[in-house]
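The next block is data_28.cif, given as mmCIF, C-alpha atoms.
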```cif
data_target
#
loop_
_atom_site.group_PDB
_atom_site.id
_atom_site.type_symbol
_atom_site.label_atom_id
_atom_site.label_comp_id
_atom_site.auth_asym_id
_atom_site.auth_seq_id
_atom_site.Cartn_x
_atom_site.Cartn_y
_atom_site.Cartn_z
ATOM 1 C CA MET T 213 12.775 4.459 -48.285
ATOM 2 C CA HIS T 214 9.804 5.234 -46.051
ATOM 3 C CA LEU T 215 8.971 3.238 -42.952
ATOM 4 C CA ILE T 216 5.248 4.030 -43.101
ATOM 5 C CA ARG T 217 3.952 3.535 -46.608
ATOM 6 C CA CYS T 218 0.358 2.635 -45.920
ATOM 7 C CA PHE T 219 -2.064 3.019 -43.020
ATOM 8 C CA GLU T 220 -5.762 2.976 -42.263
ATOM 9 C CA MET T 221 -7.074 6.017 -40.404
ATOM 10 C CA LYS T 222 -9.958 5.663 -37.955
ATOM 11 C CA LEU T 223 -11.650 8.615 -36.282
ATOM 12 C CA SER T 224 -13.641 7.985 -33.088
ATOM 13 C CA THR T 225 -14.704 9.557 -29.826
ATOM 14 C CA PRO T 226 -12.441 8.570 -26.930
ATOM 15 C CA ASP T 227 -13.590 5.457 -25.056
ATOM 16 C CA CYS T 228 -13.316 7.355 -21.779
ATOM 17 C CA SER T 229 -15.525 10.245 -22.993
ATOM 18 C CA PRO T 230 -18.530 9.033 -25.000
ATOM 19 C CA GLY T 231 -20.332 11.970 -26.602
ATOM 20 C CA SER T 232 -17.173 14.089 -26.612
ATOM 21 C CA VAL T 233 -16.932 16.932 -29.127
ATOM 22 C CA HIS T 234 -13.306 15.923 -29.742
ATOM 23 C CA TYR T 235 -12.080 12.840 -31.510
ATOM 24 C CA ARG T 236 -9.117 10.557 -31.403
ATOM 25 C CA VAL T 237 -7.368 9.317 -34.496
ATOM 26 C CA VAL T 238 -5.933 5.828 -34.801
ATOM 27 C CA LEU T 239 -3.550 5.017 -37.603
ATOM 28 C CA ASP T 240 -3.440 1.259 -38.069
ATOM 29 C CA LEU T 241 -0.080 0.433 -39.608
ATOM 30 C CA GLU T 242 0.962 -2.497 -41.758
ATOM 31 C CA GLU T 243 4.540 -2.363 -40.456
ATOM 32 C CA ASP T 244 5.935 -2.687 -36.927
ATOM 33 C CA ILE T 245 7.513 0.725 -36.259
ATOM 34 C CA SER T 246 8.957 -0.041 -32.802
ATOM 35 C CA GLU T 247 12.496 -0.163 -34.254
ATOM 36 C CA LEU T 248 12.135 3.592 -34.815
ATOM 37 C CA PHE T 249 11.187 4.451 -31.206
ATOM 38 C CA PRO T 250 14.767 5.006 -29.912
ATOM 39 C CA TYR T 251 15.347 7.427 -32.807
ATOM 40 C CA LEU T 252 12.098 9.290 -32.106
ATOM 41 C CA ASN T 253 13.111 9.413 -28.442
ATOM 42 C CA ALA T 254 16.434 10.990 -29.428
ATOM 43 C CA GLU T 255 14.959 13.529 -31.858
ATOM 44 C CA LEU T 256 11.608 14.701 -30.486
ATOM 45 C CA GLU T 257 10.965 17.107 -27.602
ATOM 46 C CA GLY T 258 8.299 16.273 -25.004
ATOM 47 C CA VAL T 259 8.673 12.484 -25.300
ATOM 48 C CA ARG T 260 8.194 9.776 -22.683
ATOM 49 C CA TYR T 261 9.552 6.411 -23.786
ATOM 50 C CA ASP T 262 9.328 2.942 -22.276
ATOM 51 C CA HIS T 263 11.654 0.724 -24.288
ATOM 52 C CA ASP T 264 10.545 -2.551 -22.674
ATOM 53 C CA ALA T 265 6.830 -1.842 -23.110
ATOM 54 C CA LYS T 266 7.426 -0.587 -26.674
ATOM 55 C CA ILE T 267 5.454 2.614 -26.235
ATOM 56 C CA LEU T 268 6.456 6.190 -26.902
ATOM 57 C CA LEU T 269 4.252 9.119 -25.847
ATOM 58 C CA TRP T 270 4.727 12.539 -27.382
ATOM 59 C CA ASP T 271 3.195 15.842 -26.317
ATOM 60 C CA LYS T 272 3.123 17.811 -29.559
ATOM 61 C CA ASP T 273 1.641 21.279 -29.214
ATOM 62 C CA ASP T 274 -1.795 20.656 -27.682
ATOM 63 C CA LYS T 275 -1.996 17.043 -28.917
ATOM 64 C CA LYS T 276 -1.080 13.735 -27.339
ATOM 65 C CA VAL T 277 0.469 11.171 -29.654
ATOM 66 C CA ALA T 278 1.028 7.532 -28.675
ATOM 67 C CA PHE T 279 3.272 5.311 -30.774
ATOM 68 C CA ARG T 280 2.898 1.543 -30.472
ATOM 69 C CA PRO T 281 4.383 -1.145 -32.738
ATOM 70 C CA PHE T 282 1.478 -1.247 -35.217
ATOM 71 C CA GLU T 283 -0.402 1.962 -34.472
ATOM 72 C CA ILE T 284 -0.203 5.678 -33.828
ATOM 73 C CA VAL T 285 -2.968 7.312 -31.767
ATOM 74 C CA MET T 286 -3.518 11.089 -31.668
ATOM 75 C CA ALA T 287 -5.948 13.218 -29.657
ATOM 76 C CA PRO T 288 -7.759 15.536 -29.292
ATOM 77 C CA VAL T 289 -8.805 16.241 -32.865
ATOM 78 C CA GLU T 290 -11.776 18.405 -33.792
ATOM 79 C CA ASN T 291 -12.702 17.051 -37.250
ATOM 80 C CA ARG T 292 -11.666 14.814 -40.143
ATOM 81 C CA GLU T 293 -9.716 17.581 -41.908
ATOM 82 C CA GLU T 294 -7.581 18.216 -38.834
ATOM 83 C CA ALA T 295 -7.142 14.448 -38.388
ATOM 84 C CA GLU T 296 -5.882 14.056 -41.963
ATOM 85 C CA ARG T 297 -3.511 17.017 -41.636
ATOM 86 C CA LEU T 298 -2.164 15.773 -38.294
ATOM 87 C CA ALA T 299 -1.783 12.215 -39.603
ATOM 88 C CA LYS T 300 0.176 13.468 -42.620
ATOM 89 C CA ASN T 301 2.468 15.577 -40.399
ATOM 90 C CA ILE T 302 3.130 12.695 -38.002
ATOM 91 C CA VAL T 303 3.792 10.213 -40.813
ATOM 92 C CA ASP T 304 6.096 12.723 -42.540
ATOM 93 C CA THR T 305 7.983 13.234 -39.261
ATOM 94 C CA VAL T 306 8.318 9.476 -38.700
ATOM 95 C CA ASN T 307 9.502 8.874 -42.257
ATOM 96 C CA ASP T 308 11.973 11.769 -42.077
ATOM 97 C CA ILE T 309 13.533 10.427 -38.872
ATOM 98 C CA TRP T 310 13.596 6.903 -40.349
ATOM 99 C CA THR T 311 15.412 8.233 -43.411
ATOM 100 C CA ARG T 312 17.987 10.022 -41.215
ATOM 101 C CA ARG T 313 18.387 7.243 -38.632
ATOM 102 C CA GLY T 314 21.979 6.595 -39.737
ATOM 103 C CA GLU T 315 22.870 10.107 -38.558
ATOM 104 C CA ILE T 316 21.021 9.831 -35.220
ATOM 105 C CA ARG T 317 22.316 8.236 -32.036
ATOM 106 C CA PRO T 318 19.351 6.173 -30.730
ATOM 107 C CA LYS T 319 18.283 6.754 -27.141
ATOM 108 C CA VAL T 320 16.612 3.835 -25.344
ATOM 109 C CA GLU T 321 16.439 5.290 -21.844
ATOM 110 C CA GLY T 322 13.387 7.262 -20.839
ATOM 111 C CA PRO T 323 13.150 10.082 -18.333
ATOM 112 C CA LYS T 324 14.069 9.375 -14.733
ATOM 113 C CA PRO T 325 10.905 8.601 -12.751
ATOM 114 C CA LEU T 326 9.650 11.260 -10.373
ATOM 115 C CA PRO T 327 10.547 10.732 -6.710
ATOM 116 C CA LYS T 328 7.882 9.254 -4.462
ATOM 117 C CA VAL T 329 5.868 11.701 -2.381
ATOM 118 C CA LEU T 330 6.645 9.727 0.779
ATOM 119 C CA ASP T 331 10.412 9.967 0.107
ATOM 120 C CA ILE T 332 10.081 13.756 -0.198
ATOM 121 C CA TYR T 333 7.851 13.944 2.877
ATOM 122 C CA LYS T 334 10.432 12.073 4.988
ATOM 123 C CA LEU T 335 12.942 14.860 4.273
ATOM 124 C CA LEU T 336 10.567 17.624 5.367
ATOM 125 C CA PRO T 337 10.321 18.729 9.021
ATOM 126 C CA ARG T 338 6.785 17.229 9.270
ATOM 127 C CA THR T 339 5.616 20.049 11.518
ATOM 128 C CA ASN T 340 2.862 21.346 9.208
ATOM 129 C CA CYS T 341 4.037 24.880 10.020
ATOM 130 C CA ARG T 342 2.531 26.276 6.763
ATOM 131 C CA GLU T 343 5.496 28.627 6.283
ATOM 132 C CA CYS T 344 5.878 27.215 2.760
ATOM 133 C CA GLY T 345 2.320 28.279 1.900
ATOM 134 C CA TYR T 346 0.858 24.757 1.958
ATOM 135 C CA LEU T 347 -1.558 23.396 4.550
ATOM 136 C CA SER T 348 0.671 20.474 5.469
ATOM 137 C CA CYS T 349 4.082 18.978 4.801
ATOM 138 C CA MET T 350 2.356 16.179 2.864
ATOM 139 C CA ALA T 351 0.653 18.719 0.589
ATOM 140 C CA PHE T 352 4.005 20.438 0.082
ATOM 141 C CA ALA T 353 5.693 17.101 -0.680
ATOM 142 C CA THR T 354 3.026 16.416 -3.303
ATOM 143 C CA ALA T 355 3.682 19.787 -4.942
ATOM 144 C CA LEU T 356 7.450 19.251 -4.842
ATOM 145 C CA ARG T 357 7.156 15.950 -6.687
ATOM 146 C CA THR T 358 6.422 17.693 -9.977
ATOM 147 C CA ASP T 359 8.010 21.080 -9.279
ATOM 148 C CA SER T 360 11.296 20.815 -7.416
ATOM 149 C CA SER T 361 11.877 24.562 -7.831
ATOM 150 C CA LYS T 362 9.556 25.101 -4.829
ATOM 151 C CA ILE T 363 12.057 23.530 -2.427
ATOM 152 C CA SER T 364 13.217 26.992 -1.386
ATOM 153 C CA LEU T 365 9.746 27.661 0.083
ATOM 154 C CA CYS T 366 10.601 25.465 3.075
ATOM 155 C CA PRO T 367 12.566 27.587 5.556
ATOM 156 C CA HIS T 368 13.653 24.475 7.486
ATOM 157 C CA ARG T 369 15.484 22.644 4.677
ATOM 158 C CA SER T 370 17.907 23.553 1.894
ATOM 159 C CA GLU T 371 17.938 22.400 -1.720
ATOM 160 C CA SER T 372 20.959 20.212 -0.995
ATOM 161 C CA ASP T 373 18.783 18.088 1.329
ATOM 162 C CA PHE T 374 16.625 17.068 -1.660
ATOM 163 C CA ILE T 375 18.889 17.141 -4.707
ATOM 164 C CA HIS T 376 19.581 13.384 -4.661
ATOM 165 C CA LEU T 377 15.875 12.723 -5.332
ATOM 166 C CA TRP T 378 15.963 14.412 -8.751
ATOM 167 C CA THR T 379 19.479 13.477 -9.937
#
```
Could you express the structure from this file as C-alpha cells?
Amino acid sequence: MHLIRCFEMKLSTPDCSPGSVHYRVVLDLEEDISELFPYLNAELEGVRYDHDAKILLWDKDDKKVAFRPFEIVMAPVENREEAERLAKNIVDTVNDIWTRRGEIRPKVEGPKPLPKVLDIYKLLPRTNCRECGYLSCMAFATALRTDSSKISLCPHRSESDFIHLWT
C-alpha cells in the first residue's frame, strides 16, 4: 500500500528570488507523511533530519528536497516537465521506502551539530601568525568548522587537541 496516493503539484518562482529562471515545486499532500521521516533518514544519503520539528532535508543530486508533514518542496527546477519527472521520482522513492519500512531500522537522530567557531578559536594559539594560510586565527577557526581536515595546517596544535569537537 502506498503512503502517497494523491497530491497537488504547484510550480512557482522561489519567494526569495522573484523573477528567477528556476522554479520550486510544492507537492501538497492529503496524508501526513511525518511517520516516514525516520525511515527516510535511515535510507537516504545527504539527509538532515530534525525529528522534533518534523522536517527532513535531502540534497539529491543538484536539487534540494524538503519533507514536511503535508508537503514536499523541491528546487531548483527548470520547467514543468522536469518538475513532473522529479515529483514522480520522489513519490516513488517515498512509497518504496514506506513499503519496505518493516525491513528498515528507523533513525530519529540527525547529524551532530557543527562545533561553534568560538569553541574552535579558543583552542587555537590566537597569534594570527598566518602559518596556516589564513589571515587570522578567527578566519582559520571559521574554515575548520566545516572542514576539520584542515587542522593539520596549524603548526602549533595537533589534531588530538580538536577531536572532541567533532566526536
Handout entry: For Lys334 (chain T): contacts at 12 Å, only C-alpha atoms, fewer than 5 positions along chain excluded, given as a list in words
Key = Pro327, Lys328, Val329, Thr339, Cys349, Met350, Phe352, Ala353, Thr354, Arg369, Asp373, Phe374 and Leu377 of chain T
For the residues selected in the previous step, produce a file with C-alpha atoms as a short mmCIF file (atom, residue, chain, number, x, y, z; two decimals), in the frame of the given file.
```
data_model
loop_
_atom_site.label_atom_id
_atom_site.label_comp_id
_atom_site.auth_asym_id
_atom_site.auth_seq_id
_atom_site.Cartn_x
_atom_site.Cartn_y
_atom_site.Cartn_z
CA PRO T 327 10.55 10.73 -6.71
CA LYS T 328 7.88 9.25 -4.46
CA VAL T 329 5.87 11.70 -2.38
CA THR T 339 5.62 20.05 11.52
CA CYS T 349 4.08 18.98 4.80
CA MET T 350 2.36 16.18 2.86
CA PHE T 352 4.00 20.44 0.08
CA ALA T 353 5.69 17.10 -0.68
CA THR T 354 3.03 16.42 -3.30
CA ARG T 369 15.48 22.64 4.68
CA ASP T 373 18.78 18.09 1.33
CA PHE T 374 16.62 17.07 -1.66
CA LEU T 377 15.88 12.72 -5.33
#
```
Practice task
Please write the residues picked by the PyMOL selection byres ((chain T and resi 263) around 9) on this file as a PyMOL selection string.
Solution key: chain T and resi 246+249-250+261-262+264-268+320-322
For the PyMOL selection byres ((chain T and resi 305) around 12), applied here, can you spell out every residue it catches as a short mmCIF file (atom, residue, chain, number, x, y, z; two decimals) with C-alpha atoms, keeping the file's coordinate frame?
```cif
data_model
loop_
_atom_site.label_atom_id
_atom_site.label_comp_id
_atom_site.auth_asym_id
_atom_site.auth_seq_id
_atom_site.Cartn_x
_atom_site.Cartn_y
_atom_site.Cartn_z
CA HIS T 214 9.80 5.23 -46.05
CA LEU T 215 8.97 3.24 -42.95
CA ILE T 216 5.25 4.03 -43.10
CA LEU T 248 12.14 3.59 -34.82
CA TYR T 251 15.35 7.43 -32.81
CA LEU T 252 12.10 9.29 -32.11
CA GLU T 255 14.96 13.53 -31.86
CA LEU T 256 11.61 14.70 -30.49
CA LYS T 272 3.12 17.81 -29.56
CA LEU T 298 -2.16 15.77 -38.29
CA ALA T 299 -1.78 12.22 -39.60
CA LYS T 300 0.18 13.47 -42.62
CA ASN T 301 2.47 15.58 -40.40
CA ILE T 302 3.13 12.70 -38.00
CA VAL T 303 3.79 10.21 -40.81
CA ASP T 304 6.10 12.72 -42.54
CA VAL T 306 8.32 9.48 -38.70
CA ASN T 307 9.50 8.87 -42.26
CA ASP T 308 11.97 11.77 -42.08
CA ILE T 309 13.53 10.43 -38.87
CA TRP T 310 13.60 6.90 -40.35
CA THR T 311 15.41 8.23 -43.41
CA ARG T 312 17.99 10.02 -41.22
#
```
Problem - Pairwise distance for CA of Trp378 (chain T) and CA of Asp273 (chain T), rounded to one decimal in Å - result: 25.9 Å
Exercise for the section: Have a look at CA of Ser370 (chain T) and CA of Cys341 (chain T) and let me know their distance in Å, one decimal. Expected result: 16.1 Å
Given the PyMOL selection byres ((chain T and resi 237) around 12) and the file above, list the residues it selects as a PDB file with C-alpha atoms, keeping the file's coordinate frame.
```
ATOM      1  CA  PHE T 219      -2.064   3.019 -43.020  1.00  0.00           C
ATOM      2  CA  GLU T 220      -5.762   2.976 -42.263  1.00  0.00           C
ATOM      3  CA  MET T 221      -7.074   6.017 -40.404  1.00  0.00           C
ATOM      4  CA  LYS T 222      -9.958   5.663 -37.955  1.00  0.00           C
ATOM      5  CA  LEU T 223     -11.650   8.615 -36.282  1.00  0.00           C
ATOM      6  CA  SER T 224     -13.641   7.985 -33.088  1.00  0.00           C
ATOM      7  CA  THR T 225     -14.704   9.557 -29.826  1.00  0.00           C
ATOM      8  CA  PRO T 226     -12.441   8.570 -26.930  1.00  0.00           C
ATOM      9  CA  ASP T 227     -13.590   5.457 -25.056  1.00  0.00           C
ATOM     10  CA  HIS T 234     -13.306  15.923 -29.742  1.00  0.00           C
ATOM     11  CA  TYR T 235     -12.080  12.840 -31.510  1.00  0.00           C
ATOM     12  CA  ARG T 236      -9.117  10.557 -31.403  1.00  0.00           C
ATOM     13  CA  VAL T 238      -5.933   5.828 -34.801  1.00  0.00           C
ATOM     14  CA  LEU T 239      -3.550   5.017 -37.603  1.00  0.00           C
ATOM     15  CA  ASP T 240      -3.440   1.259 -38.069  1.00  0.00           C
ATOM     16  CA  LYS T 275      -1.996  17.043 -28.917  1.00  0.00           C
ATOM     17  CA  LYS T 276      -1.080  13.735 -27.339  1.00  0.00           C
ATOM     18  CA  VAL T 277       0.469  11.171 -29.654  1.00  0.00           C
ATOM     19  CA  ALA T 278       1.028   7.532 -28.675  1.00  0.00           C
ATOM     20  CA  PHE T 279       3.272   5.311 -30.774  1.00  0.00           C
ATOM     21  CA  GLU T 283      -0.402   1.962 -34.472  1.00  0.00           C
ATOM     22  CA  ILE T 284      -0.203   5.678 -33.828  1.00  0.00           C
ATOM     23  CA  VAL T 285      -2.968   7.312 -31.767  1.00  0.00           C
ATOM     24  CA  MET T 286      -3.518  11.089 -31.668  1.00  0.00           C
ATOM     25  CA  ALA T 287      -5.948  13.218 -29.657  1.00  0.00           C
ATOM     26  CA  PRO T 288      -7.759  15.536 -29.292  1.00  0.00           C
ATOM     27  CA  VAL T 289      -8.805  16.241 -32.865  1.00  0.00           C
ATOM     28  CA  GLU T 290     -11.776  18.405 -33.792  1.00  0.00           C
ATOM     29  CA  ASN T 291     -12.702  17.051 -37.250  1.00  0.00           C
ATOM     30  CA  ARG T 292     -11.666  14.814 -40.143  1.00  0.00           C
ATOM     31  CA  GLU T 293      -9.716  17.581 -41.908  1.00  0.00           C
ATOM     32  CA  GLU T 294      -7.581  18.216 -38.834  1.00  0.00           C
ATOM     33  CA  ALA T 295      -7.142  14.448 -38.388  1.00  0.00           C
ATOM     34  CA  GLU T 296      -5.882  14.056 -41.963  1.00  0.00           C
ATOM     35  CA  ARG T 297      -3.511  17.017 -41.636  1.00  0.00           C
ATOM     36  CA  LEU T 298      -2.164  15.773 -38.294  1.00  0.00           C
ATOM     37  CA  ALA T 299      -1.783  12.215 -39.603  1.00  0.00           C
ATOM     38  CA  LYS T 300       0.176  13.468 -42.620  1.00  0.00           C
ATOM     39  CA  ILE T 302       3.130  12.695 -38.002  1.00  0.00           C
TER      40      ILE T 302
END
```
Adding 3 Å on each side of the box along x, y and z that holds all listed atoms of region 360-378 of chain T, could you give its centre and edge lengths in Å to one decimal, as JSON?
```
{"center_x": 15.3, "center_y": 20.2, "center_z": -0.6, "size_x": 17.4, "size_y": 20.9, "size_z": 22.2}
```
Handout entry: Two-atom distance - CA of Arg342 (chain T), CA of Leu330 (chain T) (Å)
Key =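 Those two atoms sit 18.1 Å apart.
The nearest approach to Leu326 (chain T) among the residues T:Thr358, T:Ser364, T:Asn253, T:Ser348, with only C-alpha atoms taken into account, belongs to T:Thr358.
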Practice task
Between T:His368, T:Arg357, T:Arg217, T:Lys319, single out the one closest to Asn340 (chain T), counting only C-alpha atoms.
Solution key: T:His368
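Each of T:Pro325, T:Pro281, T:Pro337, T:Pro318 was checked against Asp244 (chain T) using all atoms listed in the file; the smallest atom-to-atom distance is that of T:Pro281.
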Practice task
Return the single residue from T:Tyr346, T:Leu241, T:Val233, T:Glu315 that is closest to Ala254 (chain T), with distances computed using only C-alpha atoms.
Solution key: T:Glu315
